[in-house]
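Chemist: One structure is given below, represented as structure tokens, and several questions about it will come after.
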Amino acid sequence: MGSTACFIIVSRNDIPIYEAEVGSAIKKEEATHQHQFILHAALDIVQDLAWTTSAMFLKAVDRFNDLVVSVYVTAGHTRLMLLHDSRNEDGIRSFFQEVHELYIKILLNPLYLPGSRITSSHFDTKVRALARKYL
Amino acid sequence: MIGVGKIKQYSNVLDKPLSKGKQEVSLSAFAFLFSELVQYNQTQVDNIAELERRLEDAGYAVGARVLELLCHRDKGNRRETRLLGILSFVHSTVWKVLFGKVADSLEKGTEHEDEYMISEKELLVNRFISTPKDMGTFNCGAFVAGIVRGVLDSAGFPAVVTAHFVPMEGHQRPRTTILIKFAEEVLRREARVG
């Protein structure tokens, strides 16, 4: 019995640049599509909410059954979105902050085009390790 | 043979911590690099407008990264959501980190609601550059205009940013003004939120 969690990074132009299922539960095929759908549907809410506060961590913005969507908006309006069923807010905040640092390091690469997919396998490994640690 | 028997340790950049950044960088090294950048672009284009656009695009890439890095490093993860907030961020924080001092002045345009100007007596990038007469009003400050546009655009305040020479009485060299003209949606959003 583990936790479900789906993590995506959406760029400023509403294009997902990174996706990962980071939960520890056994995943069913339909669940993956559903998770992505829920996260994309939450984008509208995030858009409005982002302009009302200067904080980066937006906590829980949307709910679906027992799954909660938490969002972290960076300065460049890149959204880190997590779909989860746990209630561990501090763990989620730390997870977002660490992934934010990783994202900045990727962004600083002058050969990386901002808004394009993140293909680094090292980045993938690190995100999954962080997810296991904090979620 | 060199290197035989030694195992090179490649540590991925993702593993290294985000550095605080160097407080001082060699001015001559930067001036040399920038002059090469301008010269390289000169060989690639046929007209002044295209050259300015290329310098602006180079600056845009810098601006997008500078915004993320500075907000994380210097502003403790607070985003800017208001117009005046992002302008003063550019005017002080960005200028301080890139050029070592805050910009000389930040003014609101008198004729139009959506225009703002950041002025500088002598832009750092222009210090060792002189433009020949036949290039007209070309200003290498287009690079800095690109940086500002990169910061504003990434923060969600799309704008058209250009660099102009403004002659000053009593001074030989004209001062440089970065003119920022915000898109309509920015003003509409400001009116709605403010």
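In the structure tokens, each chain is lettered A, B, ... as it comes, each chain's residues begin at 1, and ligands are numbered from 1 in order of appearance.
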Give me, as JSON lines, the closest atom pair and its distance (Å, one decimal) for every residue of chain B within a cut-off of 8 Å of chain A, counting only C-alpha atoms, rows sorted by chain and rising number.

Modeler:
```
{"residue": "B:Asn12", "atom": "CA", "partner": "A:His122", "partner_atom": "CA", "distance": 7.9}
{"residue": "B:Val13", "atom": "CA", "partner": "A:Lys105", "partner_atom": "CA", "distance": 7.2}
{"residue": "B:Leu14", "atom": "CA", "partner": "A:Leu102", "partner_atom": "CA", "distance": 6.2}
{"residue": "B:Leu18", "atom": "CA", "partner": "A:Lys105", "partner_atom": "CA", "distance": 7.2}
{"residue": "B:Ala61", "atom": "CA", "partner": "A:Pro110", "partner_atom": "CA", "distance": 7.9}
{"residue": "B:Ala64", "atom": "CA", "partner": "A:Gly76", "partner_atom": "CA", "distance": 7.2}
{"residue": "B:Arg65", "atom": "CA", "partner": "A:Leu108", "partner_atom": "CA", "distance": 6.1}
{"residue": "B:Leu67", "atom": "CA", "partner": "A:Ala75", "partner_atom": "CA", "distance": 6.8}
{"residue": "B:Glu68", "atom": "CA", "partner": "A:Ala75", "partner_atom": "CA", "distance": 5.5}
{"residue": "B:Leu69", "atom": "CA", "partner": "A:Ile104", "partner_atom": "CA", "distance": 6.7}
{"residue": "B:Cys71", "atom": "CA", "partner": "A:Ala75", "partner_atom": "CA", "distance": 6.4}
{"residue": "B:Asn77", "atom": "CA", "partner": "A:Met56", "partner_atom": "CA", "distance": 6.3}
{"residue": "B:Arg78", "atom": "CA", "partner": "A:Ala55", "partner_atom": "CA", "distance": 5.3}
{"residue": "B:Arg79", "atom": "CA", "partner": "A:Ser54", "partner_atom": "CA", "distance": 4.8}
{"residue": "B:Glu80", "atom": "CA", "partner": "A:Ser54", "partner_atom": "CA", "distance": 5.9}
{"residue": "B:Thr81", "atom": "CA", "partner": "A:Trp51", "partner_atom": "CA", "distance": 5.8}
{"residue": "B:Ser154", "atom": "CA", "partner": "A:Gly76", "partner_atom": "CA", "distance": 4.7}
{"residue": "B:Ala155", "atom": "CA", "partner": "A:Gly76", "partner_atom": "CA", "distance": 5.0}
{"residue": "B:Gly156", "atom": "CA", "partner": "A:His77", "partner_atom": "CA", "distance": 7.2}
{"residue": "B:Val193", "atom": "CA", "partner": "A:Thr52", "partner_atom": "CA", "distance": 7.8}
```

Chemist: Applying 10 Å and only C-alpha atoms, which residues near Glu185 (chain B) remain after dropping the ones on its own chain fewer than 2 positions away? List them as a CSV table (one decimal) with N, CA, C and O atoms, in the first residue's frame.

Modeler:
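So the final result, stored in out-v9.csv, reads:
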```
chain,number,residue,atom,x,y,z
B,156,GLY,N,6.3,37.3,-17.1
B,156,GLY,CA,4.9,37.5,-17.4
B,156,GLY,C,4.5,38.9,-17.7
B,156,GLY,O,3.3,39.2,-17.7
B,157,PHE,N,5.5,39.8,-18.1
B,157,PHE,CA,5.2,41.1,-18.4
B,157,PHE,C,5.7,41.4,-19.8
B,157,PHE,O,6.7,42.1,-20.0
B,158,PRO,N,5.1,40.9,-20.9
B,158,PRO,CA,5.6,41.1,-22.2
B,158,PRO,C,5.7,42.5,-22.6
B,158,PRO,O,4.9,43.3,-22.3
B,159,ALA,N,6.9,42.8,-23.2
B,159,ALA,CA,7.1,44.3,-23.5
B,159,ALA,C,8.1,44.3,-24.7
B,159,ALA,O,8.8,43.4,-25.0
B,182,PHE,N,5.3,48.3,-22.5
B,182,PHE,CA,4.6,47.1,-22.1
B,182,PHE,C,3.4,46.8,-23.1
B,182,PHE,O,2.8,47.7,-23.6
B,183,ALA,N,3.1,45.5,-23.2
B,183,ALA,CA,2.0,45.1,-24.0
B,183,ALA,C,0.7,45.4,-23.3
B,183,ALA,O,0.7,45.6,-22.1
B,187,LEU,N,-1.1,46.0,-18.9
B,187,LEU,CA,-1.8,47.1,-18.3
B,187,LEU,C,-3.2,46.7,-17.8
B,187,LEU,O,-3.7,47.1,-16.8
B,188,ARG,N,-3.8,45.9,-18.6
B,188,ARG,CA,-5.2,45.4,-18.3
B,188,ARG,C,-5.1,44.6,-17.0
B,188,ARG,O,-6.0,44.8,-16.1
B,189,ARG,N,-4.1,43.8,-16.9
B,189,ARG,CA,-4.0,42.9,-15.7
B,189,ARG,C,-3.7,43.8,-14.5
B,189,ARG,O,-4.2,43.6,-13.4
B,190,GLU,N,-2.8,44.8,-14.7
B,190,GLU,CA,-2.5,45.7,-13.6
B,190,GLU,C,-3.7,46.4,-13.1
B,190,GLU,O,-3.9,46.6,-11.9
B,191,ALA,N,-4.5,46.9,-14.0
B,191,ALA,CA,-5.7,47.6,-13.6
B,191,ALA,C,-6.7,46.7,-12.9
B,191,ALA,O,-7.4,47.1,-11.9
```

Chemist: Which neighbours of Glu111 (chain B) fall inside 12 Å, counting only C-alpha atoms, when residues of the same chain fewer than 4 positions from it are skipped, and could you give them as a PyMOL selection string?

Modeler: chain B and resi 115-116+181

Chemist: Could you go through chain B and tell me which residues DSSP, when run on the backbone, assigns to alpha helix (DSSP H), listing them as a tab-separated table (two decimals) with N, CA, C and O atoms, in the first residue's frame?

Modeler:
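states_31.tsv, freshly written:
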```tsv
chain	number	residue	atom	x	y	z
B	27	LEU	N	36.74	42.72	-16.44
B	27	LEU	CA	36.07	43.59	-17.39
B	27	LEU	C	36.66	43.42	-18.78
B	27	LEU	O	35.93	43.41	-19.78
B	28	SER	N	37.97	43.29	-18.84
B	28	SER	CA	38.60	43.17	-20.16
B	28	SER	C	38.20	41.86	-20.82
B	28	SER	O	37.99	41.82	-22.03
B	29	ALA	N	38.06	40.81	-20.02
B	29	ALA	CA	37.64	39.54	-20.61
B	29	ALA	C	36.25	39.68	-21.19
B	29	ALA	O	35.96	39.22	-22.30
B	30	PHE	N	35.35	40.34	-20.43
B	30	PHE	CA	34.00	40.52	-20.93
B	30	PHE	C	33.99	41.41	-22.18
B	30	PHE	O	33.29	41.12	-23.15
B	31	ALA	N	34.76	42.52	-22.14
B	31	ALA	CA	34.77	43.43	-23.28
B	31	ALA	C	35.25	42.71	-24.53
B	31	ALA	O	34.72	42.89	-25.63
B	32	PHE	N	36.28	41.87	-24.35
B	32	PHE	CA	36.81	41.11	-25.47
B	32	PHE	C	35.75	40.15	-26.02
B	32	PHE	O	35.50	40.09	-27.23
B	33	LEU	N	35.10	39.43	-25.12
B	33	LEU	CA	34.08	38.47	-25.53
B	33	LEU	C	32.94	39.16	-26.24
B	33	LEU	O	32.47	38.72	-27.29
B	34	PHE	N	32.50	40.32	-25.66
B	34	PHE	CA	31.38	41.03	-26.26
B	34	PHE	C	31.74	41.57	-27.64
B	34	PHE	O	30.94	41.54	-28.57
B	35	SER	N	32.98	42.07	-27.77
B	35	SER	CA	33.36	42.61	-29.07
B	35	SER	C	33.39	41.50	-30.12
B	35	SER	O	32.98	41.69	-31.27
B	36	GLU	N	33.83	40.31	-29.71
B	36	GLU	CA	33.82	39.18	-30.64
B	36	GLU	C	32.40	38.81	-31.02
B	36	GLU	O	32.11	38.48	-32.17
B	37	LEU	N	31.49	38.89	-30.03
B	37	LEU	CA	30.08	38.57	-30.30
B	37	LEU	C	29.52	39.52	-31.36
B	37	LEU	O	28.87	39.11	-32.32
B	38	VAL	N	29.81	40.83	-31.17
B	38	VAL	CA	29.29	41.82	-32.11
B	38	VAL	C	29.91	41.62	-33.49
B	38	VAL	O	29.22	41.63	-34.51
B	39	GLN	N	31.21	41.39	-33.51
B	39	GLN	CA	31.87	41.22	-34.80
B	39	GLN	C	31.37	39.98	-35.53
B	39	GLN	O	31.16	40.01	-36.74
B	40	TYR	N	31.17	38.90	-34.77
B	40	TYR	CA	30.67	37.67	-35.40
B	40	TYR	C	29.31	37.91	-36.03
B	40	TYR	O	29.04	37.52	-37.16
B	41	ASN	N	28.42	38.60	-35.27
B	41	ASN	CA	27.09	38.86	-35.81
B	41	ASN	C	27.13	39.79	-37.00
B	41	ASN	O	26.31	39.72	-37.90
B	42	GLN	N	28.11	40.70	-37.01
B	42	GLN	CA	28.21	41.62	-38.15
B	42	GLN	C	28.47	40.88	-39.45
B	42	GLN	O	28.01	41.29	-40.51
B	43	THR	N	29.23	39.78	-39.34
B	43	THR	CA	29.53	39.03	-40.57
B	43	THR	C	28.33	38.24	-41.05
B	43	THR	O	28.29	37.78	-42.17
B	44	GLN	N	27.34	38.04	-40.18
B	44	GLN	CA	26.22	37.17	-40.53
B	44	GLN	C	25.03	37.92	-41.11
B	44	GLN	O	24.10	37.32	-41.59
B	48	ILE	N	21.51	46.86	-40.35
B	48	ILE	CA	21.64	47.21	-38.94
B	48	ILE	C	20.52	46.59	-38.11
B	48	ILE	O	20.74	46.12	-37.00
B	49	ALA	N	19.30	46.61	-38.66
B	49	ALA	CA	18.15	46.14	-37.88
B	49	ALA	C	18.33	44.67	-37.49
B	49	ALA	O	18.05	44.25	-36.38
B	50	GLU	N	18.86	43.90	-38.46
B	50	GLU	CA	19.07	42.47	-38.20
B	50	GLU	C	20.13	42.28	-37.12
B	50	GLU	O	20.02	41.43	-36.25
B	51	LEU	N	21.18	43.13	-37.16
B	51	LEU	CA	22.25	43.04	-36.16
B	51	LEU	C	21.70	43.33	-34.77
B	51	LEU	O	22.00	42.64	-33.80
B	52	GLU	N	20.86	44.38	-34.70
B	52	GLU	CA	20.27	44.72	-33.41
B	52	GLU	C	19.41	43.58	-32.90
B	52	GLU	O	19.42	43.24	-31.72
B	53	ARG	N	18.65	42.97	-33.83
B	53	ARG	CA	17.77	41.89	-33.42
B	53	ARG	C	18.57	40.70	-32.89
B	53	ARG	O	18.20	40.07	-31.90
B	54	ARG	N	19.71	40.41	-33.51
B	54	ARG	CA	20.52	39.28	-33.06
B	54	ARG	C	21.11	39.53	-31.68
B	54	ARG	O	21.15	38.64	-30.84
B	55	LEU	N	21.57	40.78	-31.45
B	55	LEU	CA	22.11	41.09	-30.14
B	55	LEU	C	21.01	41.00	-29.09
B	55	LEU	O	21.22	40.52	-27.97
B	56	GLU	N	19.82	41.47	-29.46
B	56	GLU	CA	18.69	41.39	-28.53
B	56	GLU	C	18.37	39.95	-28.19
B	56	GLU	O	18.07	39.63	-27.03
B	57	ASP	N	18.38	39.08	-29.19
B	57	ASP	CA	18.07	37.67	-28.93
B	57	ASP	C	19.12	37.05	-28.01
B	57	ASP	O	18.78	36.24	-27.15
B	58	ALA	N	20.39	37.44	-28.20
B	58	ALA	CA	21.43	36.92	-27.32
B	58	ALA	C	21.16	37.36	-25.88
B	58	ALA	O	21.29	36.59	-24.93
B	59	GLY	N	20.74	38.65	-25.74
B	59	GLY	CA	20.43	39.16	-24.41
B	59	GLY	C	19.21	38.49	-23.81
B	59	GLY	O	19.13	38.28	-22.59
B	60	TYR	N	18.24	38.16	-24.65
B	60	TYR	CA	17.00	37.54	-24.16
B	60	TYR	C	17.29	36.24	-23.42
B	60	TYR	O	16.74	35.98	-22.35
B	61	ALA	N	18.19	35.45	-24.00
B	61	ALA	CA	18.54	34.18	-23.36
B	61	ALA	C	19.15	34.43	-21.98
B	61	ALA	O	18.86	33.70	-21.02
B	62	VAL	N	19.99	35.46	-21.87
B	62	VAL	CA	20.60	35.79	-20.58
B	62	VAL	C	19.53	36.22	-19.59
B	62	VAL	O	19.51	35.80	-18.43
B	63	GLY	N	18.61	37.08	-20.08
B	63	GLY	CA	17.58	37.62	-19.19
B	63	GLY	C	16.72	36.54	-18.56
B	63	GLY	O	16.42	36.57	-17.35
B	64	ALA	N	16.30	35.57	-19.37
B	64	ALA	CA	15.44	34.51	-18.85
B	64	ALA	C	16.13	33.77	-17.71
B	64	ALA	O	15.51	33.45	-16.68
B	65	ARG	N	17.42	33.51	-17.86
B	65	ARG	CA	18.14	32.77	-16.83
B	65	ARG	C	18.42	33.62	-15.62
B	65	ARG	O	18.34	33.15	-14.47
B	66	VAL	N	18.76	34.90	-15.86
B	66	VAL	CA	19.06	35.79	-14.74
B	66	VAL	C	17.86	35.93	-13.82
B	66	VAL	O	18.00	35.94	-12.59
B	67	LEU	N	16.67	36.02	-14.41
B	67	LEU	CA	15.46	36.17	-13.60
B	67	LEU	C	15.30	35.01	-12.63
B	67	LEU	O	15.16	35.20	-11.41
B	68	GLU	N	15.35	33.78	-13.15
B	68	GLU	CA	15.17	32.61	-12.30
B	68	GLU	C	16.25	32.54	-11.23
B	68	GLU	O	15.98	32.29	-10.05
B	69	LEU	N	17.49	32.76	-11.64
B	69	LEU	CA	18.61	32.61	-10.72
B	69	LEU	C	18.54	33.63	-9.59
B	69	LEU	O	18.70	33.32	-8.42
B	70	LEU	N	18.26	34.90	-9.96
B	70	LEU	CA	18.26	35.94	-8.95
B	70	LEU	C	17.08	35.81	-7.99
B	70	LEU	O	17.21	36.06	-6.81
B	71	CYS	N	15.92	35.45	-8.53
B	71	CYS	CA	14.77	35.28	-7.63
B	71	CYS	C	15.04	34.20	-6.62
B	71	CYS	O	14.63	34.27	-5.47
B	72	HIS	N	15.75	33.17	-7.05
B	72	HIS	CA	16.02	32.07	-6.13
B	72	HIS	C	17.13	32.44	-5.15
B	72	HIS	O	17.04	32.16	-3.96
B	73	ARG	N	18.17	33.12	-5.67
B	73	ARG	CA	19.35	33.36	-4.85
B	73	ARG	C	19.18	34.58	-3.96
B	73	ARG	O	19.46	34.55	-2.78
B	83	LEU	N	3.71	45.44	-11.63
B	83	LEU	CA	4.54	46.13	-12.62
B	83	LEU	C	5.69	46.88	-11.98
B	83	LEU	O	6.85	46.71	-12.37
B	84	LEU	N	5.38	47.72	-10.98
B	84	LEU	CA	6.42	48.51	-10.34
B	84	LEU	C	7.43	47.59	-9.65
B	84	LEU	O	8.62	47.89	-9.60
B	85	GLY	N	6.92	46.47	-9.14
B	85	GLY	CA	7.81	45.53	-8.47
B	85	GLY	C	8.84	44.97	-9.43
B	85	GLY	O	10.04	44.95	-9.13
B	86	ILE	N	8.39	44.52	-10.61
B	86	ILE	CA	9.34	43.92	-11.54
B	86	ILE	C	10.27	44.99	-12.10
B	86	ILE	O	11.45	44.74	-12.33
B	87	LEU	N	9.77	46.22	-12.28
B	87	LEU	CA	10.64	47.29	-12.80
B	87	LEU	C	11.74	47.63	-11.80
B	87	LEU	O	12.90	47.81	-12.18
B	88	SER	N	11.39	47.73	-10.53
B	88	SER	CA	12.43	48.07	-9.56
B	88	SER	C	13.36	46.88	-9.38
B	88	SER	O	14.54	47.06	-9.06
B	95	TRP	N	20.55	44.98	-12.31
B	95	TRP	CA	21.65	45.86	-12.68
B	95	TRP	C	22.83	45.67	-11.73
B	95	TRP	O	23.98	45.67	-12.13
B	96	LYS	N	22.50	45.52	-10.41
B	96	LYS	CA	23.57	45.37	-9.43
B	96	LYS	C	24.39	44.12	-9.71
B	96	LYS	O	25.62	44.14	-9.65
B	97	VAL	N	23.70	43.02	-10.03
B	97	VAL	CA	24.40	41.75	-10.24
B	97	VAL	C	25.17	41.76	-11.55
B	97	VAL	O	26.30	41.27	-11.63
B	98	LEU	N	24.56	42.34	-12.59
B	98	LEU	CA	25.21	42.29	-13.90
B	98	LEU	C	26.30	43.35	-14.04
B	98	LEU	O	27.35	43.09	-14.62
B	99	PHE	N	26.04	44.58	-13.57
B	99	PHE	CA	26.96	45.67	-13.84
B	99	PHE	C	27.62	46.24	-12.59
B	99	PHE	O	28.38	47.18	-12.69
B	142	ALA	N	21.62	47.24	-27.43
B	142	ALA	CA	20.54	46.32	-27.80
B	142	ALA	C	20.68	45.00	-27.04
B	142	ALA	O	19.69	44.33	-26.75
B	143	PHE	N	21.91	44.65	-26.69
B	143	PHE	CA	22.14	43.45	-25.89
B	143	PHE	C	21.49	43.58	-24.52
B	143	PHE	O	20.82	42.68	-24.02
B	144	VAL	N	21.70	44.76	-23.90
B	144	VAL	CA	21.11	44.98	-22.58
B	144	VAL	C	19.59	45.07	-22.69
B	144	VAL	O	18.86	44.59	-21.83
B	145	ALA	N	19.11	45.70	-23.79
B	145	ALA	CA	17.67	45.75	-24.01
B	145	ALA	C	17.11	44.34	-24.09
B	145	ALA	O	16.03	44.04	-23.58
B	146	GLY	N	17.86	43.44	-24.73
B	146	GLY	CA	17.44	42.05	-24.81
B	146	GLY	C	17.38	41.40	-23.45
B	146	GLY	O	16.47	40.61	-23.16
B	147	ILE	N	18.35	41.71	-22.59
B	147	ILE	CA	18.36	41.13	-21.24
B	147	ILE	C	17.11	41.57	-20.50
B	147	ILE	O	16.41	40.77	-19.86
B	148	VAL	N	16.79	42.88	-20.59
B	148	VAL	CA	15.62	43.39	-19.88
B	148	VAL	C	14.36	42.73	-20.44
B	148	VAL	O	13.45	42.34	-19.69
B	149	ARG	N	14.30	42.58	-21.76
B	149	ARG	CA	13.13	41.96	-22.35
B	149	ARG	C	12.99	40.51	-21.91
B	149	ARG	O	11.89	40.02	-21.64
B	150	GLY	N	14.14	39.83	-21.78
B	150	GLY	CA	14.12	38.45	-21.31
B	150	GLY	C	13.57	38.34	-19.90
B	150	GLY	O	12.75	37.47	-19.59
B	151	VAL	N	14.01	39.25	-19.03
B	151	VAL	CA	13.52	39.24	-17.65
B	151	VAL	C	12.02	39.51	-17.61
B	151	VAL	O	11.24	38.80	-16.98
B	152	LEU	N	11.59	40.57	-18.30
B	152	LEU	CA	10.18	40.95	-18.25
B	152	LEU	C	9.29	39.89	-18.87
B	152	LEU	O	8.23	39.54	-18.34
B	153	ASP	N	9.71	39.36	-20.01
B	153	ASP	CA	8.91	38.37	-20.71
B	153	ASP	C	8.73	37.10	-19.89
B	153	ASP	O	7.64	36.56	-19.78
B	154	SER	N	9.83	36.65	-19.28
B	154	SER	CA	9.74	35.41	-18.49
B	154	SER	C	8.91	35.60	-17.25
B	154	SER	O	8.29	34.66	-16.76
B	184	GLU	N	-0.40	45.47	-24.05
B	184	GLU	CA	-1.68	45.89	-23.48
B	184	GLU	C	-2.17	45.00	-22.36
B	184	GLU	O	-2.74	45.48	-21.38
B	185	GLU	N	-1.93	43.67	-22.52
B	185	GLU	CA	-2.47	42.75	-21.51
B	185	GLU	C	-1.87	43.02	-20.14
B	185	GLU	O	-2.51	42.79	-19.12
B	186	VAL	N	-0.62	43.53	-20.12
B	186	VAL	CA	0.01	43.81	-18.83
B	186	VAL	C	-0.75	44.93	-18.12
B	186	VAL	O	-1.04	44.84	-16.92
B	187	LEU	N	-1.09	45.99	-18.88
B	187	LEU	CA	-1.79	47.11	-18.27
B	187	LEU	C	-3.19	46.71	-17.82
B	187	LEU	O	-3.67	47.13	-16.77
B	188	ARG	N	-3.83	45.86	-18.65
B	188	ARG	CA	-5.18	45.42	-18.29
B	188	ARG	C	-5.13	44.63	-16.99
B	188	ARG	O	-5.96	44.79	-16.10
B	189	ARG	N	-4.12	43.75	-16.88
B	189	ARG	CA	-4.02	42.92	-15.68
B	189	ARG	C	-3.70	43.78	-14.48
B	189	ARG	O	-4.24	43.57	-13.39
B	190	GLU	N	-2.83	44.76	-14.65
B	190	GLU	CA	-2.49	45.67	-13.56
B	190	GLU	C	-3.71	46.41	-13.07
B	190	GLU	O	-3.93	46.55	-11.86
B	191	ALA	N	-4.53	46.87	-14.02
B	191	ALA	CA	-5.73	47.60	-13.65
B	191	ALA	C	-6.69	46.70	-12.88
B	191	ALA	O	-7.35	47.12	-11.93
B	192	ARG	N	-6.74	45.42	-13.32
B	192	ARG	CA	-7.67	44.50	-12.67
B	192	ARG	C	-7.22	44.16	-11.26
B	192	ARG	O	-8.02	44.05	-10.35
B	193	VAL	N	-5.91	43.96	-11.09
B	193	VAL	CA	-5.41	43.53	-9.79
B	193	VAL	C	-5.26	44.71	-8.82
B	193	VAL	O	-5.57	44.61	-7.65
```

Chemist: From the DSSP assignment of the backbone, select every residue of region 97-151 of chain B that is strand (DSSP E or B), and format the answer as a count of residues only.

Modeler: 10

Chemist: May I have the residues within 10 Å of Arg87 (chain A) as a PyMOL selection string, using only C-alpha atoms and disregarding those fewer than 2 positions away in the same chain?

Modeler: chain A and resi 60+67-68+84-85+89-92+135

Chemist: For N, CA and C atoms, I'd like the residues from the last selection saved as a PDB file, in the first residue's frame.

Modeler:
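Result went into selection_17.pdb, see below:
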```pdb
ATOM      1  N   ALA A  60      -2.297  23.424  -2.038  1.00  0.00           N
ATOM      2  CA  ALA A  60      -3.283  22.636  -2.767  1.00  0.00           C
ATOM      3  C   ALA A  60      -4.191  23.561  -3.548  1.00  0.00           C
ATOM      4  N   LEU A  67      -7.601  12.769  -4.482  1.00  0.00           N
ATOM      5  CA  LEU A  67      -6.299  13.228  -4.964  1.00  0.00           C
ATOM      6  C   LEU A  67      -6.250  14.748  -4.905  1.00  0.00           C
ATOM      7  N   VAL A  68      -5.091  15.273  -4.500  1.00  0.00           N
ATOM      8  CA  VAL A  68      -4.939  16.720  -4.371  1.00  0.00           C
ATOM      9  C   VAL A  68      -3.844  17.194  -5.320  1.00  0.00           C
ATOM     10  N   HIS A  84      -1.215  14.109  -5.768  1.00  0.00           N
ATOM     11  CA  HIS A  84      -0.868  13.160  -4.718  1.00  0.00           C
ATOM     12  C   HIS A  84      -2.055  12.899  -3.816  1.00  0.00           C
ATOM     13  N   ASP A  85      -1.927  11.875  -3.008  1.00  0.00           N
ATOM     14  CA  ASP A  85      -3.017  11.614  -2.065  1.00  0.00           C
ATOM     15  C   ASP A  85      -2.561  11.772  -0.624  1.00  0.00           C
ATOM     16  N   GLU A  89       2.424  18.268   3.875  1.00  0.00           N
ATOM     17  CA  GLU A  89       2.693  19.527   3.204  1.00  0.00           C
ATOM     18  C   GLU A  89       4.158  19.923   3.254  1.00  0.00           C
ATOM     19  N   ASP A  90       4.816  19.718   4.406  1.00  0.00           N
ATOM     20  CA  ASP A  90       6.217  20.124   4.523  1.00  0.00           C
ATOM     21  C   ASP A  90       7.101  19.302   3.605  1.00  0.00           C
ATOM     22  N   GLY A  91       6.783  18.010   3.520  1.00  0.00           N
ATOM     23  CA  GLY A  91       7.571  17.155   2.636  1.00  0.00           C
ATOM     24  C   GLY A  91       7.435  17.601   1.188  1.00  0.00           C
ATOM     25  N   ILE A  92       6.198  17.949   0.828  1.00  0.00           N
ATOM     26  CA  ILE A  92       5.957  18.389  -0.546  1.00  0.00           C
ATOM     27  C   ILE A  92       6.671  19.701  -0.814  1.00  0.00           C
ATOM     28  N   LEU A 135       8.386  12.167  -0.350  1.00  0.00           N
ATOM     29  CA  LEU A 135       6.946  11.917  -0.505  1.00  0.00           C
ATOM     30  C   LEU A 135       6.541  10.580   0.112  1.00  0.00           C
TER      31      LEU A 135
END
```

Chemist: State, in Å with one decimal place, the distance from CA of Ser70 (chain A) to CA of Ser11 (chain A).

Modeler: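 Rounded to one decimal, the two atoms are 16.0 Å apart.
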
Chemist: Quick check, in Å to one decimal: how far apart do CA of Arg79 (chain A) and CA of Asp66 (chain A) lie?

Modeler: 21.9 Å

Chemist: May I have the residues within 8 Å of Leu82 (chain A) as a PyMOL selection string, using only C-alpha atoms and disregarding those fewer than 4 positions away in the same chain?

Modeler: chain A and resi 5-8+39+69-71

Chemist: Go ahead and write the residues just picked, C-alpha atoms, as a PDB file, in the first residue's frame.

Modeler:
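File produced: selection.pdb:
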```pdb
ATOM      1  CA  ALA A   5       1.910  10.713  -7.010  1.00  0.00           C
ATOM      2  CA  CYS A   6       2.269  12.176 -10.496  1.00  0.00           C
ATOM      3  CA  PHE A   7       4.719  15.006 -11.035  1.00  0.00           C
ATOM      4  CA  ILE A   8       4.922  17.237 -14.105  1.00  0.00           C
ATOM      5  CA  LEU A  39      -3.107  18.031 -13.754  1.00  0.00           C
ATOM      6  CA  VAL A  69      -3.043  18.933  -6.816  1.00  0.00           C
ATOM      7  CA  SER A  70      -0.246  21.021  -5.310  1.00  0.00           C
ATOM      8  CA  VAL A  71       1.629  23.577  -7.355  1.00  0.00           C
TER       9      VAL A  71
END
```

Chemist: Which one is closest to Ile9 (chain A): A:Gln34, A:Leu111, A:Leu130, A:Leu83? Count only C-alpha atoms.

Modeler: A:Leu83

Chemist: To one decimal in Å, tell me the separation between CA of Lys59 (chain A) and CA of Ile118 (chain A).

Modeler: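 The value is 24.2 Å.
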
Chemist: When you count only C-alpha atoms, which of these residues is closest to Glu21 (chain A): A:Arg63, A:His35, A:Ser121, A:Leu43?

Modeler: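 Once distances to Glu21 (chain A) are computed over only C-alpha atoms, the minimum belongs to A:His35.
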